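The next block is structure-v7.pdb, given as PDB, C-alpha atoms.
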MODEL        1
ATOM      1  CA  MET A   1    -128.761 -40.384-135.017
ATOM      2  CA  LYS A   2    -126.947 -37.127-135.825
ATOM      3  CA  TYR A   3    -123.280 -37.902-136.405
ATOM      4  CA  VAL A   4    -122.195 -34.336-137.211
ATOM      5  CA  GLU A   5    -123.205 -31.225-135.294
ATOM      6  CA  PHE A   6    -123.425 -28.004-137.307
ATOM      7  CA  ASP A   7    -123.265 -24.633-135.570
ATOM      8  CA  GLN A   8    -126.677 -23.247-136.459
ATOM      9  CA  SER A   9    -125.694 -19.706-135.452
ATOM     10  CA  LYS A  10    -123.520 -19.351-138.557
ATOM     11  CA  PRO A  11    -125.148 -17.495-141.489
ATOM     12  CA  LEU A  12    -123.703 -19.523-144.375
ATOM     13  CA  ASP A  13    -124.370 -23.233-144.700
ATOM     14  CA  VAL A  14    -121.439 -24.376-146.839
ATOM     15  CA  ILE A  15    -118.382 -22.888-148.546
ATOM     16  CA  PRO A  16    -116.815 -25.163-151.196
ATOM     17  CA  ILE A  17    -113.194 -24.355-152.022
ATOM     18  CA  GLY A  18    -111.212 -24.966-155.186
ATOM     19  CA  ARG A  19    -111.737 -25.862-158.807
ATOM     20  CA  VAL A  20    -113.979 -23.931-161.158
ATOM     21  CA  ALA A  21    -113.988 -24.865-164.825
ATOM     22  CA  ILE A  22    -116.093 -24.593-167.946
ATOM     23  CA  ASP A  23    -117.496 -27.798-169.408
ATOM     24  CA  PHE A  24    -118.184 -28.256-173.106
ATOM     25  CA  ASN A  25    -120.493 -31.251-173.495
ATOM     26  CA  PRO A  26    -121.208 -32.494-177.026
ATOM     27  CA  THR A  27    -124.708 -32.249-178.413
ATOM     28  CA  ASP A  28    -123.764 -34.669-181.190
ATOM     29  CA  MET A  29    -123.281 -37.571-178.829
ATOM     30  CA  ASN A  30    -122.548 -41.276-179.208
ATOM     31  CA  LYS A  31    -119.409 -40.686-181.221
ATOM     32  CA  PRO A  32    -115.719 -40.068-180.423
ATOM     33  CA  LEU A  33    -114.725 -36.583-179.334
ATOM     34  CA  SER A  34    -112.642 -36.288-182.495
ATOM     35  CA  GLU A  35    -115.894 -36.390-184.469
ATOM     36  CA  SER A  36    -117.973 -34.088-182.217
ATOM     37  CA  CYS A  37    -118.419 -30.564-183.557
ATOM     38  CA  ASN A  38    -121.215 -29.044-181.465
ATOM     39  CA  PHE A  39    -121.136 -28.408-177.718
ATOM     40  CA  ASN A  40    -123.147 -26.806-174.942
ATOM     41  CA  LYS A  41    -121.270 -24.668-172.412
ATOM     42  CA  TYR A  42    -121.726 -25.158-168.655
ATOM     43  CA  VAL A  43    -120.073 -24.198-165.389
ATOM     44  CA  GLY A  44    -118.019 -27.177-164.217
ATOM     45  CA  GLY A  45    -115.527 -28.411-161.639
ATOM     46  CA  SER A  46    -116.543 -30.539-158.679
ATOM     47  CA  PRO A  47    -116.557 -27.801-155.973
ATOM     48  CA  ALA A  48    -118.463 -25.478-158.314
ATOM     49  CA  ASN A  49    -121.020 -28.173-159.118
ATOM     50  CA  ILE A  50    -121.479 -28.923-155.409
ATOM     51  CA  ALA A  51    -122.001 -25.215-154.711
ATOM     52  CA  VAL A  52    -124.692 -24.986-157.386
ATOM     53  CA  GLY A  53    -126.294 -28.206-156.174
ATOM     54  CA  LEU A  54    -126.532 -26.977-152.592
ATOM     55  CA  ALA A  55    -127.910 -23.602-153.687
ATOM     56  CA  ARG A  56    -130.609 -25.314-155.779
ATOM     57  CA  LEU A  57    -131.506 -27.318-152.659
ATOM     58  CA  GLY A  58    -132.173 -24.137-150.705
ATOM     59  CA  LYS A  59    -128.889 -23.763-148.836
ATOM     60  CA  LYS A  60    -126.956 -20.527-148.277
ATOM     61  CA  VAL A  61    -123.723 -21.095-150.138
ATOM     62  CA  GLY A  62    -120.449 -19.220-150.507
ATOM     63  CA  PHE A  63    -117.365 -20.078-152.511
ATOM     64  CA  ILE A  64    -113.616 -19.547-152.319
ATOM     65  CA  GLY A  65    -111.789 -19.806-155.612
ATOM     66  CA  LYS A  66    -110.047 -18.045-158.464
ATOM     67  CA  VAL A  67    -111.167 -17.570-162.052
ATOM     68  CA  SER A  68    -109.683 -15.960-165.140
ATOM     69  CA  ASP A  69    -109.918 -12.195-165.559
ATOM     70  CA  ASP A  70    -111.878 -12.413-168.789
ATOM     71  CA  GLN A  71    -115.316 -13.245-170.142
ATOM     72  CA  HIS A  72    -115.062 -16.897-169.088
ATOM     73  CA  GLY A  73    -114.507 -15.677-165.529
ATOM     74  CA  ASP A  74    -117.513 -13.382-165.930
ATOM     75  CA  PHE A  75    -119.587 -16.354-167.078
ATOM     76  CA  VAL A  76    -118.835 -18.293-163.885
ATOM     77  CA  VAL A  77    -119.378 -15.374-161.504
ATOM     78  CA  ASN A  78    -122.657 -14.389-163.146
ATOM     79  CA  TYR A  79    -123.846 -18.009-163.126
ATOM     80  CA  PHE A  80    -123.149 -18.281-159.407
ATOM     81  CA  LYS A  81    -124.921 -15.000-158.706
ATOM     82  CA  ASN A  82    -128.002 -16.187-160.599
ATOM     83  CA  ASP A  83    -128.160 -19.192-158.254
ATOM     84  CA  GLY A  84    -127.790 -17.007-155.163
ATOM     85  CA  ILE A  85    -124.213 -18.098-154.368
ATOM     86  CA  ASP A  86    -122.087 -15.503-152.593
ATOM     87  CA  THR A  87    -119.231 -14.535-154.932
ATOM     88  CA  SER A  88    -117.418 -12.080-152.646
ATOM     89  CA  HIS A  89    -114.487 -14.488-152.287
ATOM     90  CA  ILE A  90    -114.053 -15.463-155.909
ATOM     91  CA  PHE A  91    -110.870 -13.764-157.054
ATOM     92  CA  ARG A  92    -109.480 -12.936-160.496
ATOM     93  CA  ALA A  93    -106.159 -14.266-161.786
ATOM     94  CA  LYS A  94    -103.537 -11.514-161.989
ATOM     95  CA  ASN A  95    -100.992 -12.937-164.424
ATOM     96  CA  GLY A  96    -103.043 -14.140-167.322
ATOM     97  CA  GLU A  97    -103.913 -17.588-165.962
ATOM     98  CA  LYS A  98    -106.990 -19.043-167.634
ATOM     99  CA  ILE A  99    -109.990 -20.944-166.367
ATOM    100  CA  GLY A 100    -109.877 -24.704-166.970
ATOM    101  CA  LEU A 101    -111.681 -26.018-170.041
ATOM    102  CA  THR A 102    -113.172 -29.496-170.113
ATOM    103  CA  PHE A 103    -114.294 -31.170-173.328
ATOM    104  CA  THR A 104    -116.297 -34.296-172.652
ATOM    105  CA  GLU A 105    -116.662 -37.327-174.840
ATOM    106  CA  ILE A 106    -119.978 -39.167-174.630
ATOM    107  CA  LYS A 107    -119.511 -42.247-176.812
ATOM    108  CA  SER A 108    -122.319 -44.200-175.125
ATOM    109  CA  PRO A 109    -124.201 -44.260-171.803
ATOM    110  CA  THR A 110    -121.455 -46.468-170.386
ATOM    111  CA  GLU A 111    -118.416 -45.027-172.181
ATOM    112  CA  SER A 112    -117.416 -41.415-171.632
ATOM    113  CA  SER A 113    -114.187 -39.551-171.042
ATOM    114  CA  ILE A 114    -112.851 -36.083-170.336
ATOM    115  CA  LEU A 115    -110.225 -33.994-172.135
ATOM    116  CA  MET A 116    -109.027 -31.176-169.881
ATOM    117  CA  TYR A 117    -106.890 -28.112-170.466
ATOM    118  CA  ARG A 118    -105.162 -27.342-167.158
ATOM    119  CA  ASP A 119    -101.899 -25.514-167.934
ATOM    120  CA  SER A 120    -101.379 -22.042-166.353
ATOM    121  CA  ILE A 121    -104.710 -22.522-164.640
ATOM    122  CA  ALA A 122    -106.510 -19.883-162.573
ATOM    123  CA  ASP A 123    -107.997 -22.034-159.792
ATOM    124  CA  LEU A 124    -104.559 -23.325-158.717
ATOM    125  CA  MET A 125    -103.382 -19.728-158.215
ATOM    126  CA  LEU A 126    -105.618 -19.137-155.186
ATOM    127  CA  GLU A 127    -103.354 -17.507-152.573
ATOM    128  CA  PRO A 128    -103.390 -18.264-148.818
ATOM    129  CA  GLU A 129    -103.931 -14.561-148.049
ATOM    130  CA  GLU A 130    -107.163 -14.759-150.053
ATOM    131  CA  VAL A 131    -108.584 -17.202-147.493
ATOM    132  CA  ASP A 132    -110.175 -14.999-144.859
ATOM    133  CA  GLU A 133    -110.782 -16.276-141.318
ATOM    134  CA  GLU A 134    -113.952 -14.263-140.825
ATOM    135  CA  TYR A 135    -115.436 -15.727-143.998
ATOM    136  CA  ILE A 136    -114.512 -19.299-143.060
ATOM    137  CA  ALA A 137    -115.933 -18.771-139.568
ATOM    138  CA  SER A 138    -119.251 -17.617-141.048
ATOM    139  CA  ALA A 139    -120.012 -21.092-142.437
ATOM    140  CA  LYS A 140    -121.380 -24.252-140.863
ATOM    141  CA  ALA A 141    -119.144 -26.348-143.139
ATOM    142  CA  ILE A 142    -116.473 -26.118-145.813
ATOM    143  CA  VAL A 143    -115.843 -28.565-148.653
ATOM    144  CA  ILE A 144    -112.208 -29.075-149.639
ATOM    145  CA  SER A 145    -111.661 -30.669-153.034
ATOM    146  CA  GLY A 146    -108.649 -32.908-153.515
ATOM    147  CA  THR A 147    -107.782 -31.147-156.765
ATOM    148  CA  ALA A 148    -107.060 -27.941-154.836
ATOM    149  CA  LEU A 149    -104.251 -29.783-153.025
ATOM    150  CA  SER A 150    -102.334 -30.685-156.186
ATOM    151  CA  LYS A 151    -100.236 -27.543-156.459
ATOM    152  CA  SER A 152     -99.255 -24.449-154.497
ATOM    153  CA  PRO A 153    -100.403 -21.777-153.846
ATOM    154  CA  SER A 154    -103.870 -23.398-154.031
ATOM    155  CA  ARG A 155    -102.594 -26.243-151.821
ATOM    156  CA  ASP A 156    -101.514 -23.813-149.099
ATOM    157  CA  ALA A 157    -104.778 -21.895-149.340
ATOM    158  CA  ALA A 158    -106.811 -25.093-148.895
ATOM    159  CA  LEU A 159    -104.733 -26.206-145.906
ATOM    160  CA  LYS A 160    -105.120 -22.762-144.348
ATOM    161  CA  ALA A 161    -108.891 -23.000-144.828
ATOM    162  CA  MET A 162    -108.872 -26.387-143.107
ATOM    163  CA  MET A 163    -106.914 -25.014-140.139
ATOM    164  CA  LEU A 164    -109.205 -21.996-139.800
ATOM    165  CA  ALA A 165    -112.261 -24.249-139.973
ATOM    166  CA  LYS A 166    -110.947 -26.421-137.148
ATOM    167  CA  LYS A 167    -110.240 -23.298-135.101
ATOM    168  CA  ASN A 168    -113.742 -21.866-135.614
ATOM    169  CA  ASN A 169    -115.980 -24.930-135.129
ATOM    170  CA  VAL A 170    -116.641 -25.326-138.853
ATOM    171  CA  VAL A 171    -117.263 -28.865-140.139
ATOM    172  CA  VAL A 172    -114.601 -30.024-142.623
ATOM    173  CA  ILE A 173    -115.848 -32.112-145.568
ATOM    174  CA  PHE A 174    -113.192 -33.690-147.787
ATOM    175  CA  ASP A 175    -114.270 -34.625-151.309
ATOM    176  CA  ILE A 176    -111.197 -36.538-152.503
ATOM    177  CA  ASP A 177    -111.952 -35.695-156.167
ATOM    178  CA  TYR A 178    -108.877 -37.362-157.711
ATOM    179  CA  ARG A 179    -107.825 -36.199-161.157
ATOM    180  CA  ALA A 180    -104.677 -37.916-162.406
ATOM    181  CA  TYR A 181    -103.530 -35.068-164.660
ATOM    182  CA  THR A 182    -102.953 -32.672-161.744
ATOM    183  CA  TRP A 183    -100.430 -34.732-159.768
ATOM    184  CA  LYS A 184     -96.742 -35.638-160.113
ATOM    185  CA  ASN A 185     -96.669 -38.976-158.268
ATOM    186  CA  LYS A 186     -98.528 -41.191-155.790
ATOM    187  CA  ASP A 187     -96.387 -40.153-152.819
ATOM    188  CA  GLU A 188     -97.364 -36.514-153.310
ATOM    189  CA  ILE A 189    -101.027 -37.483-153.558
ATOM    190  CA  SER A 190    -100.922 -39.533-150.365
ATOM    191  CA  VAL A 191     -99.084 -36.860-148.348
ATOM    192  CA  TYR A 192    -101.551 -34.071-149.034
ATOM    193  CA  TYR A 193    -104.695 -36.179-149.110
ATOM    194  CA  GLN A 194    -103.767 -37.574-145.713
ATOM    195  CA  MET A 195    -103.183 -34.086-144.286
ATOM    196  CA  VAL A 196    -106.805 -33.194-144.975
ATOM    197  CA  ALA A 197    -108.339 -36.628-144.374
ATOM    198  CA  ARG A 198    -106.828 -36.748-140.882
ATOM    199  CA  ASN A 199    -108.629 -33.494-140.052
ATOM    200  CA  ALA A 200    -111.916 -34.110-141.846
ATOM    201  CA  ASP A 201    -115.273 -34.751-140.216
ATOM    202  CA  ILE A 202    -116.726 -36.271-143.392
ATOM    203  CA  ILE A 203    -114.790 -37.959-146.217
ATOM    204  CA  LEU A 204    -116.254 -38.901-149.612
ATOM    205  CA  GLY A 205    -114.392 -40.914-152.219
ATOM    206  CA  SER A 206    -114.182 -43.984-154.398
ATOM    207  CA  ARG A 207    -112.230 -47.120-153.533
ATOM    208  CA  GLU A 208    -109.423 -45.955-155.846
ATOM    209  CA  GLU A 209    -109.285 -42.594-154.086
ATOM    210  CA  TYR A 210    -108.953 -44.185-150.663
ATOM    211  CA  ASP A 211    -106.160 -46.416-151.988
ATOM    212  CA  LEU A 212    -104.284 -43.333-153.188
ATOM    213  CA  THR A 213    -104.827 -41.571-149.865
ATOM    214  CA  GLU A 214    -103.493 -44.547-147.932
ATOM    215  CA  ALA A 215    -100.589 -45.269-150.317
ATOM    216  CA  ILE A 216     -97.697 -44.212-148.065
ATOM    217  CA  THR A 217     -98.841 -45.615-144.743
ATOM    218  CA  GLY A 218    -100.327 -48.797-146.189
ATOM    219  CA  VAL A 219    -103.424 -49.471-148.249
ATOM    220  CA  CYS A 220    -106.278 -51.049-146.309
ATOM    221  CA  LYS A 221    -107.488 -54.338-147.740
ATOM    222  CA  THR A 222    -111.204 -53.698-147.219
ATOM    223  CA  ASP A 223    -113.625 -50.783-147.039
ATOM    224  CA  GLU A 224    -114.253 -51.606-143.397
ATOM    225  CA  GLU A 225    -110.552 -51.296-142.597
ATOM    226  CA  SER A 226    -110.357 -47.953-144.391
ATOM    227  CA  ALA A 227    -113.348 -46.649-142.460
ATOM    228  CA  LYS A 228    -111.828 -47.798-139.171
ATOM    229  CA  LEU A 229    -108.552 -46.059-140.028
ATOM    230  CA  TRP A 230    -110.129 -42.695-140.779
ATOM    231  CA  HIS A 231    -112.481 -42.929-137.828
ATOM    232  CA  SER A 232    -109.400 -43.341-135.651
ATOM    233  CA  TYR A 233    -108.253 -39.892-136.803
ATOM    234  CA  GLY A 234    -111.613 -38.319-135.986
ATOM    235  CA  ALA A 235    -113.811 -38.677-139.063
ATOM    236  CA  LYS A 236    -117.477 -39.097-138.157
ATOM    237  CA  ILE A 237    -118.669 -40.315-141.564
ATOM    238  CA  VAL A 238    -116.614 -42.152-144.202
ATOM    239  CA  ILE A 239    -118.358 -42.711-147.531
ATOM    240  CA  ILE A 240    -116.847 -45.185-149.986
ATOM    241  CA  LYS A 241    -118.370 -45.271-153.465
ATOM    242  CA  HIS A 242    -118.327 -48.155-155.942
ATOM    243  CA  GLY A 243    -120.064 -46.633-158.962
ATOM    244  CA  LYS A 244    -122.894 -48.766-160.308
ATOM    245  CA  ASP A 245    -122.519 -51.099-157.307
ATOM    246  CA  GLY A 246    -123.577 -48.312-154.959
ATOM    247  CA  SER A 247    -121.966 -46.799-151.889
ATOM    248  CA  THR A 248    -121.682 -47.295-148.148
ATOM    249  CA  ALA A 249    -121.478 -44.774-145.333
ATOM    250  CA  TYR A 250    -119.467 -45.957-142.334
ATOM    251  CA  THR A 251    -120.163 -44.036-139.139
ATOM    252  CA  ASN A 252    -117.975 -43.679-136.082
ATOM    253  CA  ASP A 253    -120.339 -45.723-133.909
ATOM    254  CA  GLY A 254    -119.480 -48.852-135.895
ATOM    255  CA  MET A 255    -122.575 -48.793-138.088
ATOM    256  CA  SER A 256    -122.688 -48.953-141.873
ATOM    257  CA  TYR A 257    -125.427 -47.932-144.290
ATOM    258  CA  SER A 258    -125.471 -49.172-147.872
ATOM    259  CA  ILE A 259    -127.330 -47.850-150.881
ATOM    260  CA  LYS A 260    -127.436 -48.723-154.564
ATOM    261  CA  PRO A 261    -128.251 -46.489-157.538
ATOM    262  CA  PHE A 262    -131.754 -45.927-158.820
ATOM    263  CA  PRO A 263    -132.372 -47.460-162.254
ATOM    264  CA  VAL A 264    -132.141 -44.771-164.951
ATOM    265  CA  LYS A 265    -131.311 -44.474-168.622
ATOM    266  CA  ALA A 266    -127.854 -42.943-168.339
ATOM    267  CA  ILE A 267    -126.497 -40.451-170.850
ATOM    268  CA  LYS A 268    -122.999 -40.097-169.378
ATOM    269  CA  GLY A 269    -120.792 -41.582-166.686
ATOM    270  CA  PHE A 270    -119.716 -38.386-164.901
ATOM    271  CA  GLY A 271    -121.334 -35.705-162.725
ATOM    272  CA  GLY A 272    -123.222 -38.072-160.455
ATOM    273  CA  GLY A 273    -120.731 -37.712-157.617
ATOM    274  CA  ASP A 274    -121.293 -33.967-157.357
ATOM    275  CA  GLY A 275    -125.066 -34.403-157.247
ATOM    276  CA  TYR A 276    -124.607 -37.099-154.616
ATOM    277  CA  ALA A 277    -122.373 -34.882-152.466
ATOM    278  CA  SER A 278    -124.566 -31.778-152.592
ATOM    279  CA  ALA A 279    -127.792 -33.646-151.798
ATOM    280  CA  PHE A 280    -126.178 -35.731-149.048
ATOM    281  CA  ILE A 281    -124.648 -32.656-147.378
ATOM    282  CA  ARG A 282    -127.984 -30.852-147.601
ATOM    283  CA  CYS A 283    -129.692 -33.683-145.745
ATOM    284  CA  LEU A 284    -127.049 -33.748-143.015
ATOM    285  CA  LEU A 285    -127.589 -30.011-142.512
ATOM    286  CA  GLU A 286    -131.299 -30.743-142.142
ATOM    287  CA  GLY A 287    -130.636 -33.424-139.506
ATOM    288  CA  TRP A 288    -131.903 -36.366-141.558
ATOM    289  CA  GLU A 289    -131.263 -39.992-140.683
ATOM    290  CA  MET A 290    -128.214 -41.431-142.436
ATOM    291  CA  ILE A 291    -129.985 -43.874-144.745
ATOM    292  CA  ASP A 292    -132.470 -41.203-145.851
ATOM    293  CA  ALA A 293    -129.628 -38.779-146.596
ATOM    294  CA  LEU A 294    -127.895 -41.477-148.646
ATOM    295  CA  GLU A 295    -131.072 -42.220-150.574
ATOM    296  CA  PHE A 296    -131.535 -38.525-151.371
ATOM    297  CA  GLY A 297    -127.913 -38.216-152.504
ATOM    298  CA  THR A 298    -128.141 -41.352-154.619
ATOM    299  CA  ALA A 299    -131.310 -40.097-156.270
ATOM    300  CA  SER A 300    -129.608 -36.841-157.212
ATOM    301  CA  ALA A 301    -126.633 -38.774-158.618
ATOM    302  CA  SER A 302    -128.934 -40.947-160.725
ATOM    303  CA  MET A 303    -130.666 -37.846-162.065
ATOM    304  CA  LEU A 304    -127.332 -36.249-162.991
ATOM    305  CA  ILE A 305    -126.005 -39.155-165.043
ATOM    306  CA  SER A 306    -129.237 -39.139-167.043
ATOM    307  CA  ALA A 307    -128.874 -35.417-167.839
ATOM    308  CA  HIS A 308    -126.681 -33.739-170.461
ATOM    309  CA  SER A 309    -125.040 -31.289-168.058
ATOM    310  CA  CYS A 310    -123.778 -31.275-164.485
ATOM    311  CA  SER A 311    -124.281 -27.821-162.941
ATOM    312  CA  ALA A 312    -127.286 -26.867-165.072
ATOM    313  CA  ALA A 313    -129.055 -30.131-164.210
ATOM    314  CA  MET A 314    -128.652 -29.869-160.436
ATOM    315  CA  PRO A 315    -132.169 -30.612-159.138
ATOM    316  CA  SER A 316    -134.409 -28.957-156.564
ATOM    317  CA  VAL A 317    -135.678 -30.679-153.423
ATOM    318  CA  GLU A 318    -139.083 -31.118-155.049
ATOM    319  CA  ALA A 319    -137.562 -32.660-158.171
ATOM    320  CA  ILE A 320    -135.591 -35.228-156.153
ATOM    321  CA  GLU A 321    -138.628 -36.096-154.040
ATOM    322  CA  LYS A 322    -140.706 -36.572-157.198
ATOM    323  CA  PHE A 323    -137.967 -38.730-158.755
ATOM    324  CA  ILE A 324    -137.742 -41.000-155.703
ATOM    325  CA  LYS A 325    -141.521 -41.381-155.537
ATOM    326  CA  GLU A 326    -141.814 -42.284-159.224
ATOM    327  CA  GLU A 327    -138.855 -44.679-159.140
ATOM    328  CA  LYS A 328    -140.299 -46.564-156.167
ATOM    329  CA  GLU A 329    -143.738 -46.703-157.742
ATOM    330  CA  HIS A 330    -142.209 -48.223-160.854
ATOM    331  CA  TYR A 331    -139.480 -50.463-159.409
ATOM    332  CA  GLY A 332    -140.550 -50.972-155.804
ATOM    333  CA  GLU A 333    -138.221 -50.558-152.813
ATOM    334  CA  MET A 334    -134.989 -51.051-154.699
ATOM    335  CA  VAL A 335    -132.684 -49.217-152.318
ATOM    336  CA  ALA A 336    -130.461 -51.469-150.222
ATOM    337  CA  ARG A 337    -130.667 -50.503-146.586
ATOM    338  CA  ALA A 338    -128.282 -51.641-143.851
TER     339      ALA A 338
ENDMDL
END
Rewrite the structure from the file as structure tokens, please.
Amino acid sequence: MKYVEFDQSKPLDVIPIGRVAIDFNPTDMNKPLSESCNFNKYVGGSPANIAVGLARLGKKVGFIGKVSDDQHGDFVVNYFKNDGIDTSHIFRAKNGEKIGLTFTEIKSPTESSILMYRDSIADLMLEPEEVDEEYIASAKAIVISGTALSKSPSRDAALKAMMLAKKNNVVVIFDIDYRAYTWKNKDEISVYYQMVARNADIILGSREEYDLTEAITGVCKTDEESAKLWHSYGAKIVIIKHGKDGSTAYTNDGMSYSIKPFPVKAIKGFGGGDGYASAFIRCLLEGWEMIDALEFGTASASMLISAHSCSAAMPSVEAIEKFIKEEKEHYGEMVARA
């Protein structure tokens, strides 16, 4: 059953909106960040990773965001162009704001952390007037990242994009993408997350992220109650993730579809969510059945946590299909289906 209808007359498939960063991942791993001296440089930030993931999966992708007016900004724009992502709505910071830098710590496959530099940051300076209605209307869907809601003017730009999407029959996907360092307090988080969640067609987040979203009006005790709440506001698909315990998609017809991760030798504990989102969205655009879309997204996530990078490791359709085939040949039908 198709839960979300995409307007196939629109030329772009998806426009993610929000955070672009540069990741520095250590090549001398399995030690504290304080002892790491060598790093590889990658494009990072959840919306940016999702954009790259969708482009690698054959989708026509745009992007709305702001980067620094320097060589780091050039690095991001050129990287996007090489993957065929439209960069016409990536703007340059005007007052010296810099692109976010992320230094990752990979102490072990199960223990990793992130050190971020986010002061005077370019992506949060995206202005509402830089969100163009014609561009929004050209897409089948937009992805709004929760980080973009943490501060104005980016907050206002994201809300404007949401309003224009609703006006122009563009599917709204909300990737909650909580990052504690960007927010002042839980009330602020709940207010702005709820503004988007109440207008979203698809919501993706962890249990913690749903708790934060529901903080003001009352936290739901179970995943099922959360799904019912957001369905009541109009969401068609509510995905709640539980890390290594898998995820469940709750649909607005009362069904639920559960999936668990594929067994892999993990390198790091981050990046999987962006692979999951891009592959899942790609499958919805292709009209796949829900459980198959979840399996494809979960496979991409498993591949990402076993890779050194996030954006650079985003797989192709053929690579994910090969991964699923090999995993099932080795482990059998390990995916949990509703």
*Within 9 Å of Leu164 in chain A, counting only C-alpha atoms, which residues show up once you throw out same-chain ones fewer than 5 positions away? Write them as a list in words, please.*
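The filter keeps Asp132, Glu133, Ile136, Ala137, Leu159, Asn169 and Val170 of chain A.
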Please enclose the listed atoms of range 201-210 of chain A in an axis-aligned box, pad each side by 4 Å, and write out the centre and the three edge lengths in Å, rounded to one decimal, as lines of an AutoDock Vina configuration file.
center_x = -112.8
center_y = -40.9
center_z = -148.0
size_x = 15.8
size_y = 20.4
size_z = 23.6
_Residues near Val143 in chain A, anyone? I mean within 9 Å using all atoms listed in the file, not counting same-chain ones fewer than 6 positions away, as a ChimeraX atom specification._
/A:14-18,47,50,171-175
*Exactly which residues make up the result of the PyMOL selection byres ((chain A and resi 62) around 6) on this file, given as JSON, numbers by chain?*
{"A": [15, 61, 63, 85, 86]}
*Written as an MDAnalysis selection string, which residues does the PyMOL selection byres ((chain A and resi 229-235) around 8) give for the file shown?*
chainID A and resid 197:203 225:228 236:238 251:252
Restricting it to C-alpha atoms, dump the selection as a PDB file, keeping the file's coordinate frame.
ATOM      1  CA  ALA A 197    -108.339 -36.628-144.374  1.00  0.00           C
ATOM      2  CA  ARG A 198    -106.828 -36.748-140.882  1.00  0.00           C
ATOM      3  CA  ASN A 199    -108.629 -33.494-140.052  1.00  0.00           C
ATOM      4  CA  ALA A 200    -111.916 -34.110-141.846  1.00  0.00           C
ATOM      5  CA  ASP A 201    -115.273 -34.751-140.216  1.00  0.00           C
ATOM      6  CA  ILE A 202    -116.726 -36.271-143.392  1.00  0.00           C
ATOM      7  CA  ILE A 203    -114.790 -37.959-146.217  1.00  0.00           C
ATOM      8  CA  GLU A 225    -110.552 -51.296-142.597  1.00  0.00           C
ATOM      9  CA  SER A 226    -110.357 -47.953-144.391  1.00  0.00           C
ATOM     10  CA  ALA A 227    -113.348 -46.649-142.460  1.00  0.00           C
ATOM     11  CA  LYS A 228    -111.828 -47.798-139.171  1.00  0.00           C
ATOM     12  CA  LYS A 236    -117.477 -39.097-138.157  1.00  0.00           C
ATOM     13  CA  ILE A 237    -118.669 -40.315-141.564  1.00  0.00           C
ATOM     14  CA  VAL A 238    -116.614 -42.152-144.202  1.00  0.00           C
ATOM     15  CA  THR A 251    -120.163 -44.036-139.139  1.00  0.00           C
ATOM     16  CA  ASN A 252    -117.975 -43.679-136.082  1.00  0.00           C
TER      17      ASN A 252
END
*For Asp119 in chain A, which of A:Leu285, A:Val76, A:Leu101, A:Val131 is the closest residue, counting all atoms listed in the file?*
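Among the listed residues, A:Leu101 lies closest to Asp119 in chain A.
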*Write out as a ChimeraX atom specification the residues lying within 10 Å of Lys59 in chain A, counting all atoms listed in the file and excluding same-chain residues fewer than 6 positions away.*
/A:12-14,51-53,84-85,278,281-282,285-286
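In this structure, CA of Glu35 in chain A sits 27.2 Å away from CA of Gln71 in chain A.
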*Pick out the closest residue to Asp274 in chain A from this set: A:Asp187, A:Asp177, A:Glu208, A:Glu5. Count all atoms listed in the file.*
A:Asp177
Return as a short mmCIF file (atom, residue, chain, number, x, y, z; two decimals) with C-alpha atoms, keeping the file's coordinate frame the set of residues that the PyMOL selection byres ((chain A and resi 45) around 9) yields on the displayed structure.
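Ended up saving to part_36.cif:
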data_model
loop_
_atom_site.label_atom_id
_atom_site.label_comp_id
_atom_site.auth_asym_id
_atom_site.auth_seq_id
_atom_site.Cartn_x
_atom_site.Cartn_y
_atom_site.Cartn_z
CA GLY A 18 -111.21 -24.97 -155.19
CA ARG A 19 -111.74 -25.86 -158.81
CA VAL A 20 -113.98 -23.93 -161.16
CA ALA A 21 -113.99 -24.86 -164.82
CA ILE A 22 -116.09 -24.59 -167.95
CA ASP A 23 -117.50 -27.80 -169.41
CA VAL A 43 -120.07 -24.20 -165.39
CA GLY A 44 -118.02 -27.18 -164.22
CA SER A 46 -116.54 -30.54 -158.68
CA PRO A 47 -116.56 -27.80 -155.97
CA ALA A 48 -118.46 -25.48 -158.31
CA ASN A 49 -121.02 -28.17 -159.12
CA ILE A 50 -121.48 -28.92 -155.41
CA GLY A 100 -109.88 -24.70 -166.97
CA THR A 102 -113.17 -29.50 -170.11
CA SER A 311 -124.28 -27.82 -162.94
#
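Contact shell of range 93-95 of chain A at 10 Å (only C-alpha atoms; same-chain neighbours under 6 positions omitted): A:Lys66, A:Val67, A:Ser68, A:Asp69, A:Asp70, A:Gly73, A:Ser120, A:Ile121, A:Ala122, A:Asp123, A:Leu124, A:Met125, A:Leu126.
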*So how far away is CA of Ile240 in chain A from CA of Lys166 in chain A, in Å?*
23.5 Å
